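Q: Take a look at the following structure, please.
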Amino acid sequence: MKITIHIQSIPYTVDFAEPIDISLPLSDSDQNPLAWYLEKPRIEPVKTANWVGQVAQGSSTNFNNIFFNPHGHGTHTECLGHITKEFYSINRCLTTFFFMAELISITPSLVDGDALITKIQLVELLKDKKPEALVIRTLPNAVTKKNINYSHTNPPYLTQEAAEFIRELEIKHLLIDLPSVDREVDGGKLLAHKAFWNVTNVELLNADARMDCTITELIFVPDTIIDGAFLLNLQIASFENDASPSKPVLYRLINT
């Protein structure tokens with residue numbers, strides 16, 4: 001199905017028959033991405049004394065339990081409840097699901113042994129653009145990102161100034177192909193998370209914190225997808241939790 005939408009009075013066609021899924025699937029195999037020192041997820045049939053929930057073992061249905069952590073086992077979307085003392089749910093913070101998005105590709109800058117995504121890079125790439133959602137693809141973009149174990153690797157991350165700049169542009173949804181927007185080991189500072197959500201007090205949430213904004217981590221954007229404007233459908237499961245496994249899907253915008 002194709003529809004026409006207008007962006008700043010310019011008509012674009014969106015073909016919903018050509019989705020670009022930038023999520024990573026969750027599996028119990030060694031191919032599943034990992035972060036935060038976790039073992040791989042477990043997907044296994046329910047077992048009782050006289051029954052196994054698996055058709056291959058005689059059951060009428062497959063009936064699996066799934067044990068996973070959304071932050072460390074694949075693509076996930078989180079709300080500010082990820083860093084606050086008070087509970088906030090992604091299911092209640094994210095209530096609309098289509099956004100105008102800009103995809104950019106960045107080679108992180110090496111500074112004192114760390115690979116950083118900086119404000120200077122974002123200013124250069126975004127110029128005067130102010131999308132609702134920003135999708136960051138880091139370079140190099142090896143396909144092994146889909147299966148990597150990030151634990152103990154000190155992956156690239158955003159500087160505090162970069163996250164503040166994203167907030168100042170009023171970008172509500174940040175998507176990135178890394179396990180975190182912050183340094184793997186930072187002593188619990190979480191400077192980029194706090195800057196993006198404008199959280200100044202994790203004990204008692206400040207009134208101007210960005211309740212309806214999200215961070216999506218561990219995406220993967222193939223090299224065949226060219227930087228530019230897209231329509232984003234940000235899908236989550238209805239988890240009452242700070243984060244949910246998610247399925248962000250991009251649609252090309254065709255200028256008509």
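Ligands are numbered from 1 in the order shown, residues from 1 within each chain, and chains are lettered A, B, ... in the order they appear in the structure tokens.
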Report as a tab-separated table the residues of region 69-127 of chain A within 12 Å of region 1-10 of chain A, each with its shortest atom pair and distance in Å (one decimal), using only C-alpha atoms, ordered by chain and increasing residue number.

A:
residue	atom	partner	partner_atom	distance
A:Phe99	CA	A:Ile7	CA	11.5
A:Met100	CA	A:Ile7	CA	8.9
A:Ala101	CA	A:Ile7	CA	11.6

Q: Kindly assemble as a tab-separated table a list of the region 81-165 of chain A residues that lie within 10 Å of region 201-207 of chain A, each paired with its nearest atom pair and their distance in Å to one decimal, using only C-alpha atoms, sorted first by chain and then by ascending residue number.

A:
residue	atom	partner	partner_atom	distance
A:Gly81	CA	A:Val202	CA	9.2
A:His82	CA	A:Val202	CA	9.9
A:Ile83	CA	A:Val202	CA	6.6
A:Thr84	CA	A:Val202	CA	4.5
A:Lys85	CA	A:Glu203	CA	5.2
A:Glu86	CA	A:Glu203	CA	7.2

Q: Just write the chosen residues, C-alpha atoms, as an mmCIF file, in the first residue's frame.

A:
data_model
loop_
_atom_site.group_PDB
_atom_site.id
_atom_site.type_symbol
_atom_site.label_atom_id
_atom_site.label_comp_id
_atom_site.auth_asym_id
_atom_site.auth_seq_id
_atom_site.Cartn_x
_atom_site.Cartn_y
_atom_site.Cartn_z
ATOM 1 C CA GLY A 81 12.551 5.052 33.774
ATOM 2 C CA HIS A 82 15.816 3.344 32.906
ATOM 3 C CA ILE A 83 17.696 5.810 35.124
ATOM 4 C CA THR A 84 15.124 7.092 37.661
ATOM 5 C CA LYS A 85 14.347 5.959 41.195
ATOM 6 C CA GLU A 86 10.624 6.228 40.526
#

Q: Contacts of region 227-231 of chain A at 8 Å or less, counting only C-alpha atoms, minus same-chain residues fewer than 5 places along, as a ChimeraX atom specification?

A: /A:14,98-105,250-253

Q: Can I get the selection written as a compact mmCIF listing (two decimals), in the first residue's frame, with all heavy atoms?

A:
# COMPACT_ATOMS: atom_id res chain seq x y z
N VAL A 14 5.06 7.05 0.43
CA VAL A 14 5.58 6.00 1.31
C VAL A 14 4.98 4.68 0.86
O VAL A 14 3.76 4.55 0.77
CB VAL A 14 5.22 6.27 2.78
CG1 VAL A 14 5.76 5.16 3.67
CG2 VAL A 14 5.75 7.62 3.23
N PHE A 98 4.67 6.53 14.85
CA PHE A 98 5.21 6.93 13.55
C PHE A 98 5.88 8.29 13.69
O PHE A 98 5.30 9.22 14.25
CB PHE A 98 4.10 7.00 12.50
CG PHE A 98 3.71 5.65 11.94
CD1 PHE A 98 2.64 4.95 12.47
CD2 PHE A 98 4.43 5.08 10.90
CE1 PHE A 98 2.28 3.71 11.98
CE2 PHE A 98 4.07 3.84 10.38
CZ PHE A 98 3.00 3.15 10.93
N PHE A 99 7.11 8.39 13.12
CA PHE A 99 7.88 9.62 13.26
C PHE A 99 8.70 9.88 12.00
O PHE A 99 9.13 8.94 11.32
CB PHE A 99 8.85 9.51 14.45
CG PHE A 99 8.20 9.03 15.72
CD1 PHE A 99 8.28 7.69 16.09
CD2 PHE A 99 7.47 9.90 16.51
CE1 PHE A 99 7.67 7.24 17.24
CE2 PHE A 99 6.85 9.45 17.67
CZ PHE A 99 6.94 8.12 18.03
N MET A 100 8.94 11.14 11.71
CA MET A 100 9.87 11.50 10.65
C MET A 100 11.29 11.32 11.21
O MET A 100 11.61 11.86 12.28
CB MET A 100 9.66 12.94 10.19
CG MET A 100 8.26 13.18 9.61
SD MET A 100 7.79 11.99 8.35
CE MET A 100 9.15 12.20 7.20
N ALA A 101 12.10 10.56 10.49
CA ALA A 101 13.43 10.21 10.99
C ALA A 101 14.51 10.58 9.98
O ALA A 101 14.27 10.61 8.77
CB ALA A 101 13.49 8.72 11.28
N GLU A 102 15.69 10.86 10.51
CA GLU A 102 16.86 11.11 9.68
C GLU A 102 17.93 10.07 10.03
O GLU A 102 18.28 9.88 11.19
CB GLU A 102 17.41 12.51 9.94
CG GLU A 102 18.52 12.95 9.00
CD GLU A 102 18.04 13.28 7.59
OE1 GLU A 102 16.82 13.54 7.42
OE2 GLU A 102 18.88 13.28 6.67
N LEU A 103 18.42 9.37 9.00
CA LEU A 103 19.50 8.41 9.16
C LEU A 103 20.82 9.07 8.82
O LEU A 103 20.96 9.66 7.74
CB LEU A 103 19.27 7.20 8.25
CG LEU A 103 20.46 6.23 8.08
CD1 LEU A 103 20.80 5.56 9.39
CD2 LEU A 103 20.13 5.19 7.00
N ILE A 104 21.79 8.99 9.74
CA ILE A 104 23.12 9.53 9.49
C ILE A 104 24.15 8.46 9.82
O ILE A 104 23.92 7.59 10.66
CB ILE A 104 23.42 10.81 10.29
CG1 ILE A 104 23.32 10.55 11.80
CG2 ILE A 104 22.48 11.93 9.88
CD1 ILE A 104 23.74 11.74 12.65
N SER A 105 25.30 8.52 9.15
CA SER A 105 26.40 7.59 9.40
C SER A 105 27.59 8.35 9.95
O SER A 105 27.97 9.39 9.41
CB SER A 105 26.78 6.86 8.11
OG SER A 105 25.71 6.08 7.64
N LEU A 250 11.95 1.26 9.10
CA LEU A 250 12.05 2.46 8.28
C LEU A 250 11.33 2.26 6.95
O LEU A 250 11.28 1.15 6.42
CB LEU A 250 13.51 2.80 8.01
CG LEU A 250 14.41 3.11 9.21
CD1 LEU A 250 15.85 3.33 8.74
CD2 LEU A 250 13.90 4.32 9.98
N TYR A 251 10.78 3.37 6.44
CA TYR A 251 10.19 3.38 5.10
C TYR A 251 10.78 4.55 4.32
O TYR A 251 10.84 5.68 4.83
CB TYR A 251 8.66 3.55 5.19
CG TYR A 251 7.97 2.39 5.87
CD1 TYR A 251 7.75 2.41 7.24
CD2 TYR A 251 7.55 1.28 5.13
CE1 TYR A 251 7.12 1.34 7.88
CE2 TYR A 251 6.92 0.21 5.75
CZ TYR A 251 6.71 0.25 7.13
OH TYR A 251 6.09 -0.81 7.74
N ARG A 252 11.22 4.26 3.10
CA ARG A 252 11.79 5.31 2.27
C ARG A 252 10.73 6.34 1.93
O ARG A 252 9.56 6.02 1.71
CB ARG A 252 12.36 4.72 0.99
CG ARG A 252 13.62 3.90 1.17
CD ARG A 252 14.16 3.45 -0.16
NE ARG A 252 15.39 2.67 -0.02
CZ ARG A 252 15.45 1.36 0.19
NH1 ARG A 252 14.30 0.70 0.27
NH2 ARG A 252 16.59 0.73 0.32
N LEU A 253 11.18 7.59 1.83
CA LEU A 253 10.32 8.68 1.38
C LEU A 253 10.68 9.01 -0.06
O LEU A 253 11.83 9.35 -0.36
CB LEU A 253 10.52 9.91 2.27
CG LEU A 253 10.11 9.74 3.74
CD1 LEU A 253 10.49 10.98 4.54
CD2 LEU A 253 8.62 9.47 3.87

Q: Quick one: residues within 10 Å of Ile148 (chain A), only C-alpha atoms, excluding same-chain residues fewer than 5 positions away - as a list of chain:residue names?

A: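 Near Ile148 (chain A), the qualifying residues are A:Asp30, A:Gln31, A:Asn32, A:Pro33, A:Leu34, A:Ala35, A:Val143.
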
Q: Tell me, as a ChimeraX atom specification, which residues lie within 7 Å of region 172-188 of chain A, counting only C-alpha atoms; anything in the same chain fewer than 5 positions away does not count.

A: /A:35,132-138,154-155,157-158,193,213-220

Q: From region 122-161 of chain A, collect each residue whose DSSP state is alpha helix (DSSP H) and return the set as a list in words.

A: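 Everything in region 122-161 of chain A that counts as alpha helix (DSSP H) is Leu122, Val123, Glu124, Leu125, Leu126, Gln160 and Glu161 of chain A.
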
Q: Extract, using only C-alpha atoms, all DNA, RNA and protein residues at most 10 Å from Gly53 (chain A), discarding same-chain residues fewer than 4 positions from it, and format them as a PyMOL selection string.

A: chain A and resi 44-48+57-65

Q: From the list A:Arg167, A:Lys40, A:Arg210, A:His73, which residue is nearest Lys119 (chain A) when using only C-alpha atoms?

A: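 Of all the options, A:Arg167 lies closest to Lys119 (chain A).
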
Q: Between A:Ser89, A:Gln121, A:Asn141, A:Asn147, which residue has the minimum interatomic distance to Asp223 (chain A), considering only C-alpha atoms?

A: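 Ranked by minimum distance to Asp223 (chain A), first place goes to A:Asn141.
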
Q: Write out as CSV the residues of region 60-172 of chain A that have any atom within 12 Å of an atom of region 236-240 of chain A, one row each with the nearest atom pair and its distance in Å to one decimal, counting only C-alpha atoms, sorted by chain and then rising number.

A:
residue,atom,partner,partner_atom,distance
A:Pro70,CA,A:Phe239,CA,10.4
A:Thr75,CA,A:Ile236,CA,10.1
A:His76,CA,A:Ile236,CA,8.0
A:Thr77,CA,A:Ile236,CA,7.2
A:Glu78,CA,A:Ile236,CA,9.7
A:Cys79,CA,A:Glu240,CA,11.1
A:Gly81,CA,A:Glu240,CA,10.6
A:Phe87,CA,A:Glu240,CA,9.5
A:Tyr88,CA,A:Glu240,CA,8.3
A:Ser89,CA,A:Glu240,CA,5.2
A:Ile90,CA,A:Glu240,CA,6.7
A:Asn91,CA,A:Ser238,CA,5.4
A:Arg92,CA,A:Glu240,CA,7.8
A:Cys93,CA,A:Glu240,CA,10.2
A:Leu94,CA,A:Ile236,CA,8.7
A:Thr95,CA,A:Ile236,CA,10.2
A:Thr96,CA,A:Ile236,CA,10.7
A:Phe97,CA,A:Ile236,CA,8.9

Q: What's the 6 Å shell around Trp197 (chain A), counting only C-alpha atoms, without same-chain residues fewer than 2 positions away, as a PyMOL selection string?

A: chain A and resi 194-195+199+209-210

Q: Please produce an output containing N, CA and C atoms for each residue in the selection, written as a compact mmCIF listing (two decimals), in the first residue's frame.

A:
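part-v2.txt written:
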# COMPACT_ATOMS: atom_id res chain seq x y z
N LYS A 194 21.22 10.99 30.74
CA LYS A 194 20.64 12.09 31.52
C LYS A 194 20.48 13.34 30.66
N ALA A 195 21.46 13.62 29.81
CA ALA A 195 21.38 14.81 28.97
C ALA A 195 20.25 14.69 27.96
N VAL A 199 17.25 14.74 32.53
CA VAL A 199 17.05 14.29 33.91
C VAL A 199 18.18 14.85 34.76
N ALA A 209 11.77 17.10 32.72
CA ALA A 209 12.33 15.88 32.13
C ALA A 209 11.49 15.45 30.94
N ARG A 210 12.12 14.79 29.96
CA ARG A 210 11.44 14.47 28.69
C ARG A 210 10.79 13.09 28.78

Q: Mind giving me the straight-line distance from CA of Phe67 (chain A) to CA of Lys247 (chain A) in Å, one decimal?

A: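 Result for CA of Phe67 (chain A) versus CA of Lys247 (chain A): 18.4 Å, one decimal.
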
Q: Go through region 3-38 of chain A and collect every residue that DSSP, computed from the backbone, puts in strand (DSSP E or B); the answer should be as a PyMOL selection string.

A: chain A and resi 3-7+10-15+20-21+34

Q: With distances taken over only C-alpha atoms, which of A:Pro222, A:Asn69, A:Pro19, A:Thr153 is nearest to Gly113 (chain A)?

A: A:Thr153

Q: Interatomic distance between CA of Val221 (chain A) and CA of Val111 (chain A)?

A: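 For CA of Val221 (chain A) relative to CA of Val111 (chain A), the distance reads 25.1 Å.
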